[in-house]
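Undergrad: This is model-v2.txt (compact mmCIF, C-alpha atoms).
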# COMPACT_ATOMS: atom_id res chain seq x y z
CA MET A 1 -50.63 131.20 210.13
CA THR A 2 -49.61 130.92 206.62
CA VAL A 3 -51.84 130.16 203.68
CA THR A 4 -50.31 126.80 203.29
CA ALA A 5 -50.99 125.86 206.85
CA ILE A 6 -54.55 127.24 206.56
CA ASP A 7 -55.19 125.19 203.41
CA ARG A 8 -53.86 122.11 205.08
CA GLU A 9 -56.23 122.68 207.99
CA LEU A 10 -59.24 123.31 205.75
CA ARG A 11 -58.52 120.25 203.38
CA PRO A 12 -60.90 117.38 204.17
CA ARG A 13 -59.34 114.31 205.83
CA ALA A 14 -59.72 110.75 204.47
CA SER A 15 -62.29 108.61 206.20
CA GLY A 16 -60.66 106.46 208.86
CA ALA A 17 -57.35 108.08 208.45
CA GLY A 18 -57.03 108.23 212.09
CA MET A 19 -57.71 104.46 212.36
CA ASP A 20 -55.15 103.05 209.73
CA ARG A 21 -53.03 100.05 210.96
CA VAL A 22 -51.04 97.08 209.44
CA ILE A 23 -53.08 93.89 209.06
CA ALA A 24 -51.07 90.51 208.95
CA ARG A 25 -51.83 88.12 205.90
CA ARG A 26 -53.08 84.64 206.77
CA ARG A 27 -51.52 81.55 204.93
CA LEU A 28 -52.99 78.06 204.20
CA PRO A 29 -51.70 75.14 206.27
CA ARG A 30 -48.86 73.10 204.82
CA TRP A 31 -50.80 69.85 204.78
CA VAL A 32 -53.38 71.48 202.55
CA LEU A 33 -50.69 72.61 200.13
CA ALA A 34 -49.06 69.12 200.13
CA SER A 35 -52.36 67.41 199.43
CA ALA A 36 -53.14 69.78 196.59
CA GLY A 37 -49.71 69.17 195.05
CA ALA A 38 -50.07 65.40 195.28
CA ILE A 39 -53.47 65.56 193.66
CA GLY A 40 -52.06 67.71 190.85
CA ILE A 41 -49.15 65.37 190.21
CA GLY A 42 -51.42 62.31 190.24
CA GLY A 43 -53.79 63.93 187.80
CA ALA A 44 -50.93 64.80 185.48
CA ALA A 45 -49.62 61.21 185.67
CA LEU A 46 -53.04 59.79 184.86
CA GLY A 47 -53.38 62.13 181.93
CA LEU A 48 -49.92 61.19 180.66
CA TYR A 49 -50.70 57.44 181.05
CA ALA A 50 -53.92 57.91 179.14
CA VAL A 51 -52.15 59.37 176.14
CA ALA A 52 -48.89 57.37 176.32
CA PRO A 53 -48.68 54.04 174.32
CA ARG A 54 -48.87 50.70 176.19
CA ALA A 55 -45.81 48.44 176.45
CA ASP A 56 -47.61 45.58 174.63
CA SER A 57 -48.92 47.81 171.84
CA GLN A 58 -47.38 49.63 168.92
CA GLN A 59 -48.51 52.23 166.43
CA VAL A 60 -48.23 51.13 162.81
CA ALA A 61 -49.17 52.97 159.64
CA ARG A 62 -52.10 51.32 157.90
CA SER A 63 -50.34 51.69 154.55
CA GLN A 64 -47.58 49.30 155.72
CA LEU A 65 -50.01 46.47 156.43
CA GLN A 66 -52.14 44.14 154.34
CA ILE A 67 -55.66 43.64 155.65
CA SER A 68 -57.69 40.71 154.31
CA PRO A 69 -61.26 39.57 155.06
CA VAL A 70 -62.34 36.15 156.32
CA THR A 71 -64.55 34.56 153.66
CA SER A 72 -66.49 31.36 153.05
CA GLY A 73 -65.68 29.27 150.00
CA ILE A 74 -64.37 25.99 148.60
CA PHE A 75 -60.90 25.00 149.82
CA GLU A 76 -58.90 23.10 147.21
CA ASP A 77 -56.20 21.08 148.94
CA PHE A 78 -53.35 21.12 146.42
CA LEU A 79 -49.62 21.77 146.48
CA PRO A 80 -48.14 24.03 143.75
CA LEU A 81 -44.65 23.05 142.64
CA ARG A 82 -41.92 23.98 140.21
CA ALA A 83 -40.68 20.72 138.70
CA ARG A 84 -37.72 20.16 136.41
CA VAL A 85 -37.35 17.51 133.74
CA THR A 86 -34.78 14.82 134.58
CA PRO A 87 -33.97 11.55 132.77
CA LEU A 88 -35.90 8.64 134.23
CA VAL A 89 -32.81 6.40 134.27
CA THR A 90 -29.25 7.69 134.55
CA VAL A 91 -26.32 5.26 134.47
CA TYR A 92 -22.95 6.64 135.51
CA LEU A 93 -19.75 5.64 133.72
CA ASP A 94 -16.81 4.99 136.04
CA ALA A 95 -13.35 3.71 135.20
CA VAL A 96 -13.25 0.08 136.39
CA GLU A 97 -9.47 0.22 136.27
CA GLY A 98 -7.24 3.24 136.07
CA GLY A 99 -5.14 3.88 133.01
CA ARG A 100 -4.10 6.17 130.19
CA VAL A 101 -6.66 7.10 127.54
CA GLU A 102 -5.53 5.67 124.22
CA LYS A 103 -8.64 6.16 122.08
CA VAL A 104 -11.90 8.11 122.32
CA LEU A 105 -14.44 6.69 119.89
CA VAL A 106 -17.57 8.80 120.59
CA GLU A 107 -18.29 12.42 121.47
CA ASP A 108 -20.29 13.94 124.29
CA GLY A 109 -24.01 14.10 123.47
CA ALA A 110 -23.96 11.11 121.12
CA THR A 111 -26.64 8.43 121.21
CA VAL A 112 -25.00 5.09 121.97
CA ALA A 113 -26.14 1.46 121.90
CA LYS A 114 -25.74 -1.04 124.69
CA GLY A 115 -22.26 -2.59 124.60
CA GLN A 116 -20.88 0.02 122.20
CA LEU A 117 -17.15 0.75 122.69
CA LEU A 118 -16.68 4.31 123.90
CA ALA A 119 -12.99 4.58 124.76
CA VAL A 120 -9.86 2.45 125.21
CA LEU A 121 -7.48 2.76 128.15
CA SER A 122 -4.05 1.19 128.67
CA ASN A 123 -2.44 -0.02 131.89
CA PRO A 124 0.85 -1.92 131.40
CA GLU A 125 1.04 -2.94 135.05
CA LEU A 126 -2.41 -4.47 134.93
CA GLN A 127 -1.63 -6.26 131.67
CA LEU A 128 1.58 -7.77 133.09
CA SER A 129 -0.27 -8.81 136.23
CA PHE A 130 -2.89 -10.55 134.11
CA LEU A 131 -0.24 -12.45 132.15
CA ALA A 132 1.44 -13.59 135.37
CA ARG A 133 -1.89 -14.67 136.78
CA GLN A 134 -2.75 -16.50 133.60
CA THR A 135 0.54 -18.44 133.74
CA GLU A 136 -0.03 -19.33 137.39
CA VAL A 137 -3.55 -20.52 136.73
CA THR A 138 -2.39 -22.61 133.78
CA GLN A 139 0.21 -24.35 135.96
CA GLN A 140 -2.33 -25.04 138.70
CA LEU A 141 -4.82 -26.41 136.19
CA ASN A 142 -2.16 -28.69 134.65
CA SER A 143 -1.28 -29.99 138.12
CA MET A 144 -4.93 -30.72 138.81
CA ARG A 145 -5.31 -32.49 135.51
CA SER A 146 -2.28 -34.67 136.39
CA GLN A 147 -3.93 -35.59 139.68
CA GLU A 148 -7.15 -36.41 137.89
CA LEU A 149 -5.20 -38.60 135.47
CA ALA A 150 -3.50 -40.44 138.33
CA LEU A 151 -6.84 -41.06 139.99
CA GLU A 152 -8.29 -42.34 136.75
CA GLN A 153 -5.30 -44.66 136.23
CA SER A 154 -5.72 -45.99 139.79
CA ARG A 155 -9.40 -46.64 139.09
CA LEU A 156 -8.56 -48.52 135.88
CA ARG A 157 -5.91 -50.54 137.70
CA ASN A 158 -8.40 -51.56 140.38
CA ALA A 159 -10.90 -52.48 137.67
CA ARG A 160 -8.27 -54.67 135.96
CA ASP A 161 -7.38 -56.39 139.24
CA LEU A 162 -11.06 -57.07 139.91
CA ALA A 163 -11.48 -58.53 136.43
CA GLU A 164 -8.48 -60.84 136.97
CA ALA A 165 -9.90 -61.85 140.34
CA ASP A 166 -13.22 -62.70 138.71
CA LEU A 167 -11.41 -64.80 136.09
CA GLY A 168 -9.41 -66.64 138.72
CA LEU A 169 -12.56 -67.32 140.75
CA GLN A 170 -14.36 -68.69 137.70
CA ARG A 171 -11.44 -71.05 136.88
CA ALA A 172 -11.26 -72.25 140.46
CA GLU A 173 -14.99 -72.98 140.50
CA ARG A 174 -14.77 -74.90 137.20
CA ASP A 175 -11.80 -76.94 138.46
CA LEU A 176 -13.67 -77.83 141.62
CA ASP A 177 -16.79 -78.75 139.68
CA ARG A 178 -14.77 -81.10 137.37
CA GLN A 179 -12.74 -82.75 140.13
CA ALA A 180 -15.53 -83.30 142.63
CA PRO A 181 -17.14 -86.33 140.80
CA LEU A 182 -13.74 -87.81 140.01
CA ALA A 183 -12.59 -87.46 143.60
CA GLU A 184 -15.70 -89.31 144.81
CA ARG A 185 -14.80 -92.25 142.52
CA GLY A 186 -11.17 -92.19 143.52
CA PHE A 187 -9.76 -91.09 140.24
CA ILE A 188 -8.12 -87.96 141.79
CA ALA A 189 -5.98 -87.98 144.86
CA GLY A 190 -7.50 -86.37 147.89
CA LYS A 191 -4.56 -84.00 148.27
CA ALA A 192 -4.99 -82.64 144.74
CA PHE A 193 -8.74 -82.15 145.34
CA GLU A 194 -8.08 -80.31 148.59
CA GLU A 195 -5.62 -78.00 146.82
CA THR A 196 -8.30 -77.23 144.21
CA ARG A 197 -10.84 -76.50 146.94
CA ASP A 198 -8.35 -74.27 148.82
CA ASN A 199 -7.59 -72.36 145.62
CA LEU A 200 -11.33 -71.67 145.19
CA GLY A 201 -11.50 -70.24 148.69
CA TYR A 202 -8.43 -68.11 148.05
CA GLN A 203 -9.87 -66.76 144.80
CA ARG A 204 -13.10 -65.85 146.56
CA ARG A 205 -11.27 -64.01 149.36
CA ARG A 206 -9.00 -62.30 146.82
CA ARG A 207 -11.95 -61.16 144.76
CA ALA A 208 -13.76 -59.79 147.84
CA LEU A 209 -10.64 -57.93 149.01
CA ILE A 210 -10.09 -56.36 145.59
CA ALA A 211 -13.76 -55.34 145.40
CA GLN A 212 -13.52 -53.77 148.89
CA THR A 213 -10.35 -51.90 147.95
CA MET A 214 -11.92 -50.71 144.71
CA ALA A 215 -15.03 -49.40 146.52
CA SER A 216 -12.89 -47.51 149.05
CA ASP A 217 -10.72 -46.05 146.31
CA ASP A 218 -13.84 -45.01 144.38
CA ARG A 219 -15.16 -43.07 147.37
CA LEU A 220 -11.85 -41.31 147.90
CA GLN A 221 -11.41 -40.65 144.20
CA THR A 222 -14.91 -39.21 143.93
CA SER A 223 -14.24 -36.85 146.85
CA GLN A 224 -10.84 -35.86 145.47
CA LEU A 225 -12.22 -35.27 142.01
CA ALA A 226 -15.00 -33.04 143.44
CA GLU A 227 -12.41 -31.02 145.40
CA LEU A 228 -10.21 -30.71 142.33
CA ARG A 229 -13.13 -29.54 140.22
CA ARG A 230 -14.17 -26.97 142.82
CA ALA A 231 -10.61 -25.72 143.03
CA ALA A 232 -10.41 -25.59 139.25
CA GLY A 233 -13.68 -23.62 139.18
CA SER A 234 -12.30 -21.10 141.70
CA ILE A 235 -9.11 -20.75 139.72
CA GLN A 236 -11.07 -20.28 136.51
CA ALA A 237 -13.24 -17.65 138.24
CA SER A 238 -10.18 -15.76 139.45
CA LEU A 239 -8.77 -15.85 135.93
CA ALA A 240 -12.12 -14.63 134.57
CA TYR A 241 -12.08 -11.79 137.11
CA ALA A 242 -8.56 -10.85 136.06
CA ARG A 243 -9.65 -11.01 132.42
CA ALA A 244 -12.69 -8.82 133.21
CA SER A 245 -10.42 -6.28 134.92
CA LEU A 246 -8.29 -6.21 131.82
CA GLU A 247 -11.40 -5.94 129.66
CA GLY A 248 -12.44 -2.99 131.85
CA LEU A 249 -9.81 -0.95 130.04
CA ASN A 250 -12.23 -1.05 127.11
CA LEU A 251 -14.98 1.34 128.22
CA ARG A 252 -18.34 0.20 126.85
CA ALA A 253 -21.86 1.58 127.21
CA PRO A 254 -23.76 -0.48 129.82
CA VAL A 255 -27.15 0.68 128.46
CA ALA A 256 -28.49 2.43 125.40
CA GLY A 257 -29.10 6.16 125.71
CA THR A 258 -27.64 9.64 125.37
CA LEU A 259 -24.05 10.10 126.47
CA SER A 260 -23.40 13.22 128.54
CA SER A 261 -20.63 14.74 130.70
CA PHE A 262 -18.15 12.69 128.65
CA SER A 263 -15.12 14.94 128.22
CA ILE A 264 -12.06 12.69 128.45
CA GLN A 265 -9.09 13.33 126.12
CA VAL A 266 -6.45 11.08 124.56
CA GLY A 267 -3.39 10.89 126.81
CA GLN A 268 -5.33 11.73 129.94
CA SER A 269 -4.66 9.56 133.00
CA MET A 270 -7.77 8.26 134.71
CA GLY A 271 -7.85 6.89 138.25
CA ARG A 272 -9.68 3.78 139.32
CA SER A 273 -13.43 4.39 139.88
CA GLU A 274 -13.11 7.94 138.50
CA ARG A 275 -16.33 9.34 137.02
CA LEU A 276 -16.07 9.57 133.20
CA GLY A 277 -19.62 10.50 132.23
CA GLN A 278 -23.19 9.26 132.27
CA ILE A 279 -25.83 7.79 129.97
CA ASP A 280 -29.39 9.08 130.16
CA SER A 281 -32.35 7.02 129.05
CA PRO A 282 -33.62 8.43 125.72
CA GLY A 283 -37.23 9.61 125.55
CA ARG A 284 -37.96 8.59 129.14
CA ASN A 285 -38.06 11.39 131.69
CA LYS A 286 -39.39 12.15 135.13
CA LEU A 287 -39.96 15.34 137.10
CA ILE A 288 -38.14 16.32 140.30
CA ALA A 289 -39.67 18.99 142.54
CA ASP A 290 -38.57 20.68 145.78
CA VAL A 291 -41.25 20.72 148.49
CA ASP A 292 -41.40 22.75 151.69
CA GLU A 293 -40.75 20.60 154.77
CA PHE A 294 -44.19 21.65 156.10
CA TYR A 295 -45.71 19.07 153.69
CA LEU A 296 -43.35 16.21 154.62
CA GLY A 297 -46.11 14.29 156.38
CA ARG A 298 -48.79 15.05 153.80
CA VAL A 299 -47.15 14.05 150.53
CA GLN A 300 -47.59 10.32 149.92
CA LEU A 301 -46.60 7.85 147.21
CA GLY A 302 -49.26 7.44 144.54
CA GLN A 303 -50.84 10.89 144.94
CA HIS A 304 -51.91 12.38 141.62
CA GLY A 305 -51.49 15.81 140.17
CA THR A 306 -51.15 17.72 136.95
CA VAL A 307 -48.37 19.52 135.13
CA SER A 308 -48.92 22.31 132.62
CA ILE A 309 -47.20 21.69 129.28
CA ASN A 310 -47.89 24.00 126.34
CA GLY A 311 -51.14 25.15 127.91
CA GLN A 312 -52.41 21.63 128.56
CA ASP A 313 -52.68 19.79 131.88
CA VAL A 314 -50.99 16.37 131.87
CA ARG A 315 -51.63 13.92 134.71
CA VAL A 316 -48.69 12.82 136.85
CA ARG A 317 -48.26 10.84 140.08
CA VAL A 318 -45.80 10.82 142.98
CA THR A 319 -43.46 7.83 142.57
CA LYS A 320 -40.68 8.51 145.06
CA LEU A 321 -39.99 10.56 148.20
CA TYR A 322 -36.60 11.76 149.35
CA PRO A 323 -37.21 12.44 153.09
CA GLN A 324 -33.85 14.11 153.69
CA VAL A 325 -34.56 17.78 154.44
CA LYS A 326 -32.04 20.31 153.12
CA ASN A 327 -32.46 24.07 153.45
CA GLY A 328 -36.03 23.54 154.64
CA GLN A 329 -37.03 21.44 151.61
CA PHE A 330 -37.22 17.82 150.50
CA GLN A 331 -37.60 16.33 147.00
CA ILE A 332 -40.14 14.13 145.26
CA ASP A 333 -40.23 12.32 141.90
CA LEU A 334 -43.21 12.64 139.56
CA GLN A 335 -43.88 10.38 136.57
CA PHE A 336 -46.41 10.69 133.77
CA ASP A 337 -49.53 8.52 134.02
CA SER A 338 -49.77 8.17 130.25
CA ALA A 339 -47.42 8.60 127.30
CA GLU A 340 -44.74 11.22 127.84
CA PRO A 341 -45.42 14.49 125.99
CA ALA A 342 -43.11 15.20 123.09
CA GLY A 343 -40.53 17.95 123.14
CA LEU A 344 -39.43 17.76 126.76
CA GLN A 345 -35.86 18.91 127.33
CA ARG A 346 -33.57 17.93 130.15
CA GLY A 347 -33.48 20.71 132.78
CA GLN A 348 -36.74 22.29 131.60
CA THR A 349 -38.92 23.63 134.44
CA LEU A 350 -42.68 23.13 134.52
CA GLN A 351 -45.53 24.28 136.74
CA ALA A 352 -47.01 21.29 138.59
CA LYS A 353 -49.79 20.82 141.10
CA VAL A 354 -50.19 17.80 143.40
CA THR A 355 -53.60 17.09 144.94
CA LEU A 356 -53.32 16.38 148.68
CA GLY A 357 -57.00 16.01 149.60
CA ASP A 358 -60.60 16.50 148.53
CA ALA A 359 -62.06 19.99 148.06
CA LYS A 360 -64.64 21.08 150.66
CA SER A 361 -66.44 24.16 152.00
CA ALA A 362 -64.51 26.12 154.63
CA ARG A 363 -63.80 29.52 156.14
CA LEU A 364 -60.80 30.98 154.33
CA ILE A 365 -58.19 33.69 154.78
CA PRO A 366 -55.59 34.57 152.16
CA ASN A 367 -52.25 32.83 152.55
CA GLY A 368 -49.59 35.27 153.68
CA ALA A 369 -46.20 35.64 155.30
CA PHE A 370 -47.82 36.06 158.73
CA TYR A 371 -48.14 32.25 158.97
CA ASN A 372 -44.39 31.77 159.34
CA ASP A 373 -44.22 34.36 162.14
CA SER A 374 -47.18 33.10 164.16
CA GLY A 375 -46.97 29.42 163.28
CA GLY A 376 -50.68 29.60 162.49
CA ASN A 377 -51.50 29.78 166.22
CA TRP A 378 -52.66 33.41 166.37
CA VAL A 379 -53.43 36.43 164.17
CA PHE A 380 -54.07 40.14 164.51
CA VAL A 381 -57.80 40.78 164.05
CA VAL A 382 -58.83 44.30 163.02
CA THR A 383 -61.41 45.91 165.31
CA PRO A 384 -64.79 46.81 163.79
CA ASP A 385 -63.91 50.51 163.71
CA GLY A 386 -60.59 49.73 161.98
CA SER A 387 -58.50 51.57 164.56
CA ALA A 388 -56.44 48.66 165.82
CA GLY A 389 -55.41 45.06 165.31
CA VAL A 390 -55.80 42.82 168.36
CA LYS A 391 -53.96 39.51 168.80
CA ARG A 392 -56.30 36.54 168.93
CA PRO A 393 -55.55 32.81 169.21
CA VAL A 394 -56.90 30.80 166.26
CA ARG A 395 -56.74 27.26 164.88
CA LEU A 396 -55.78 27.04 161.23
CA GLY A 397 -55.81 23.91 159.10
CA ARG A 398 -54.68 23.13 155.59
CA ARG A 399 -53.26 25.70 153.25
CA ASN A 400 -52.49 26.03 149.57
CA ALA A 401 -50.84 28.73 147.51
CA ASP A 402 -53.84 31.06 147.82
CA TYR A 403 -55.77 30.33 151.00
CA ILE A 404 -55.57 28.92 154.51
CA GLU A 405 -58.38 26.91 156.03
CA VAL A 406 -59.78 28.39 159.28
CA LEU A 407 -60.88 25.75 161.79
CA ASP A 408 -61.66 27.96 164.79
CA GLY A 409 -61.29 31.51 166.11
CA LEU A 410 -62.49 33.59 163.14
CA ASP A 411 -65.86 34.30 161.59
CA PRO A 412 -66.70 35.30 158.01
CA GLY A 413 -66.64 39.07 157.58
CA GLU A 414 -63.89 39.71 160.12
CA ARG A 415 -60.65 41.23 158.89
CA VAL A 416 -57.14 40.07 159.74
CA LEU A 417 -53.62 41.30 159.06
CA THR A 418 -51.99 38.93 156.55
CA SER A 419 -48.75 40.83 156.02
CA PRO A 420 -45.56 39.77 157.88
CA TYR A 421 -45.59 40.08 161.67
CA THR A 422 -41.89 40.87 161.85
CA GLY A 423 -41.30 43.04 164.92
CA PHE A 424 -44.87 42.52 166.19
CA THR A 425 -44.70 39.02 167.66
CA ASP A 426 -44.35 40.34 171.23
CA LYS A 427 -47.26 42.79 170.87
CA ASN A 428 -50.88 42.20 171.76
CA ARG A 429 -52.25 45.27 169.97
CA LEU A 430 -51.37 47.32 166.94
CA ASP A 431 -52.80 50.84 166.77
CA LEU A 432 -53.43 51.63 163.11
CA THR A 433 -52.69 55.15 161.96
CA ASN A 434 -53.40 56.81 158.65
Hey, can you dump this file as structure tokens for me?
TA:
Amino acid sequence: MTVTAIDRELRPRASGAGMDRVIARRRLPRWVLASAGAIGIGGAALGLYAVAPRADSQQVARSQLQISPVTSGIFEDFLPLRARVTPLVTVYLDAVEGGRVEKVLVEDGATVAKGQLLAVLSNPELQLSFLARQTEVTQQLNSMRSQELALEQSRLRNARDLAEADLGLQRAERDLDRQAPLAERGFIAGKAFEETRDNLGYQRRRRALIAQTMASDDRLQTSQLAELRRAAGSIQASLAYARASLEGLNLRAPVAGTLSSFSIQVGQSMGRSERLGQIDSPGRNKLIADVDEFYLGRVQLGQHGTVSINGQDVRVRVTKLYPQVKNGQFQIDLQFDSAEPAGLQRGQTLQAKVTLGDAKSARLIPNGAFYNDSGGNWVFVVTPDGSAGVKRPVRLGRRNADYIEVLDGLDPGERVLTSPYTGFTDKNRLDLTN
């Protein structure tokens, strides 16, 4: 036996070496593994949902928002306006008849008197038409005068016939009165007396017939004369209208004032009814202001206000409303309650304020652009810890340039977002980040 073999025999053996065998590994059931996986996935989903933003919320940097507190104070119900000075009365100058400008007697910007001649136009066609009309009217009037003369002659003729009939009746009555006593005594033949009596009867019937004819002719003549005079009046009126049209070629100032927008030139052809300029009342002005359509139902005639002129407040009142809304605005007229301040210039703009109601105590929030986005029906209220803004329905009332009256939904000390809500109208929560 070799040394190597002896060493191998003498080397100690490992404990259990004679008992070594392969042991099979045991695995968990599949249902246990599936359950554990489902639980892990669910936990991950819950964790992700907890940190992921909600669909009705949005993160917004605090620096991009304006946060304002709800306060208690006095609400002054007024409407701030920018008003411009406009002449109280403006009369427009239009060409009554078209024509060529022959003379221009005043310049734009001049102060004119009522009836002053401003310019002269010419229109040969109109002038010839007037002459023809004048000739026609003259002929018609002459014809009417001839008819009136004939009627007057007929009336005079009837009057003469009636006078002759009266004379004949008187003679017949005298003859009968003289012959009656003589005929009773036999001094006049009965035939001659009967002829005298018959003549008296004839004269009476003749006189009555002439009087009846004269009365009938008078009625007809009166009616005809009235018709002729009405016709003559109509003809005279038509001639006066034609003369006025011709006179319209002489452009005169209808009122006294300052002439403006008057830029016609000699030789220029003007159409009928074409605008030539305007005359503004001197020293009498009013104010015109544009108002947001939101106040259409609140602005009323007679409401008072003030306008700032050279650092002083001057009282004005609303005198006219123009309810037509254009570009979201309507217009009102304001007039001064007392004497008009000196130095006002046409087109000058002034800061005005119209009082809509009495001042009273109220809960207030600053007026902001959020109102247009929410319609005043809801606001974002900042949570007490300042981490978020939560949508809340509210009821807002009147508003002025600075504040909005809170009727319900907010308490003093709470804070709201008063900056625009653009892009947030479909959100219920805004998470505020630094």
Undergrad: Quick check, in Å to one decimal: how far apart do CA of Leu410 in chain A and CA of Glu76 in chain A lie?
TA: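 Answer for the CA of Leu410 in chain A to CA of Glu76 in chain A separation: 19.4 Å.
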Undergrad: Range 238-248 of chain A: which residues within 12 Å, counting all atoms listed in the file, same-chain residues fewer than 3 positions away excluded, as a ChimeraX atom specification?
TA: /A:93-99,117-138,140-141,231-235,251-254,272-273
Undergrad: For Asp77 in chain A, list every protein, DNA or RNA residue within 10 Å, evaluated using only C-alpha atoms, and leave out those in the same chain fewer than 2 positions away; present the list as a list in words.
TA: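 Final neighbour list, sorted by chain and number: Ile74, Phe75, Leu79, Val354, Thr355, Leu356, Gly357, Asp358, Ala359, Lys360, Arg398, Arg399, Asn400, Ala401, Tyr403, Ile404 and Glu405 of chain A.
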Undergrad: Could you turn the residues from that selection into a file that holds C-alpha atoms, as a tab-separated table (two decimals), keeping the file's coordinate frame?
TA:
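See again-v5.tsv below for the written result:
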chain	number	residue	atom	x	y	z
A	74	ILE	CA	-64.37	25.99	148.60
A	75	PHE	CA	-60.90	25.00	149.82
A	79	LEU	CA	-49.62	21.77	146.48
A	354	VAL	CA	-50.19	17.80	143.40
A	355	THR	CA	-53.60	17.09	144.94
A	356	LEU	CA	-53.32	16.38	148.68
A	357	GLY	CA	-57.00	16.01	149.60
A	358	ASP	CA	-60.60	16.50	148.53
A	359	ALA	CA	-62.06	19.99	148.06
A	360	LYS	CA	-64.64	21.08	150.66
A	398	ARG	CA	-54.68	23.13	155.59
A	399	ARG	CA	-53.26	25.70	153.25
A	400	ASN	CA	-52.49	26.03	149.57
A	401	ALA	CA	-50.84	28.73	147.51
A	403	TYR	CA	-55.77	30.33	151.00
A	404	ILE	CA	-55.57	28.92	154.51
A	405	GLU	CA	-58.38	26.91	156.03
Undergrad: Report, in Å to a single decimal, how far apart CA of Gln212 in chain A and CA of Gly168 in chain A are.
TA: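 CA of Gln212 in chain A lies 16.9 Å from CA of Gly168 in chain A.
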Undergrad: What is the distance between CA of Val266 in chain A and CA of Val101 in chain A, in Å to one decimal?
TA: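 Interatomic distance here is 5.0 Å.
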Undergrad: Please report as a Markdown table every residue of range 268-385 of chain A lying within 6 Å of range 413-429 of chain A, along with the nearest atom pair and their distance in Å (one decimal), using all atoms listed in the file.
TA:
| residue | atom | partner | partner_atom | distance |
| --- | --- | --- | --- | --- |
| A:Gly368 | CA | A:Thr418 | CA | 5.2 |
| A:Ala369 | CA | A:Pro420 | CA | 4.9 |
| A:Phe370 | CA | A:Pro420 | CA | 4.4 |
| A:Asp373 | CA | A:Tyr421 | CA | 5.9 |
| A:Phe380 | CA | A:Leu417 | CA | 5.6 |
| A:Val381 | CA | A:Val416 | CA | 4.4 |
| A:Val382 | CA | A:Arg415 | CA | 5.5 |
Undergrad: Here is a test: counting all atoms listed in the file, which residue of A:Asn250, A:Ser261, A:Ser154, A:Thr111 is nearest to Tyr92 in chain A?
TA: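 Comparing A:Asn250, A:Ser261, A:Ser154, A:Thr111 against Tyr92 in chain A, the winner is A:Ser261.
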Undergrad: Tell me which residues come within 8 Å of (-7.7, -42.0, 143.8), as a list in words, counting all atoms listed in the file in the file's coordinates.
TA: Ala150, Leu151, Glu152, Ser154, Arg155, Asp217, Asp218, Leu220, Gln221, Thr222 and Gln224 of chain A
Undergrad: Pick from A:Lys286, A:Arg206, A:Arg171, A:Arg62: nearest to Gln348 in chain A, with all atoms listed in the file counted?
TA: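 For Gln348 in chain A, the nearest of the candidates is A:Lys286.
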Undergrad: For Thr213 in chain A, which residue out of A:Leu287, A:Ile332, A:Asp166, A:Ala159 is the nearest one, using only C-alpha atoms?
TA: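 Nearest candidate to Thr213 in chain A out of A:Leu287, A:Ile332, A:Asp166, A:Ala159: A:Ala159.
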Undergrad: Please determine, counting all atoms listed in the file, which residue among A:Ser57, A:Arg160, A:Phe193, A:Ser308 has the shortest atom-to-atom distance to Ala388 in chain A.
TA: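 Among the listed residues, the smallest separation from Ala388 in chain A belongs to A:Ser57.
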Undergrad: Between A:Gln64, A:Gln170, A:Thr306, A:Thr349, which has the minimum distance to Gln335 in chain A (counting only C-alpha atoms)?
TA: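 Closest to Gln335 in chain A, using only C-alpha atoms: A:Thr306.
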Undergrad: Go through A:Thr196, A:Gln203, A:Asn327, A:Gln153 one by one, measure the shortest atom-to-atom distance of each to Leu167 in chain A using all atoms listed in the file, and give the residue with the smallest value.
TA: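 Using all atoms listed in the file, Leu167 in chain A sits closest to A:Gln203.
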Undergrad: Just the residues within 9 Å of Ile309 in chain A, please, counting all atoms listed in the file, with nothing from its chain fewer than 4 positions along; format it as a list of chain:residue names.
TA: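 The filter keeps A:Asp313, A:Val314, A:Pro341, A:Leu350, A:Gln351.
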Undergrad: Might you pull out every residue within 9 Å of Gly302 in chain A, with all atoms listed in the file counted and same-chain residues fewer than 6 positions away left off, and present them as a PyMOL selection string?
TA: chain A and resi 317-320
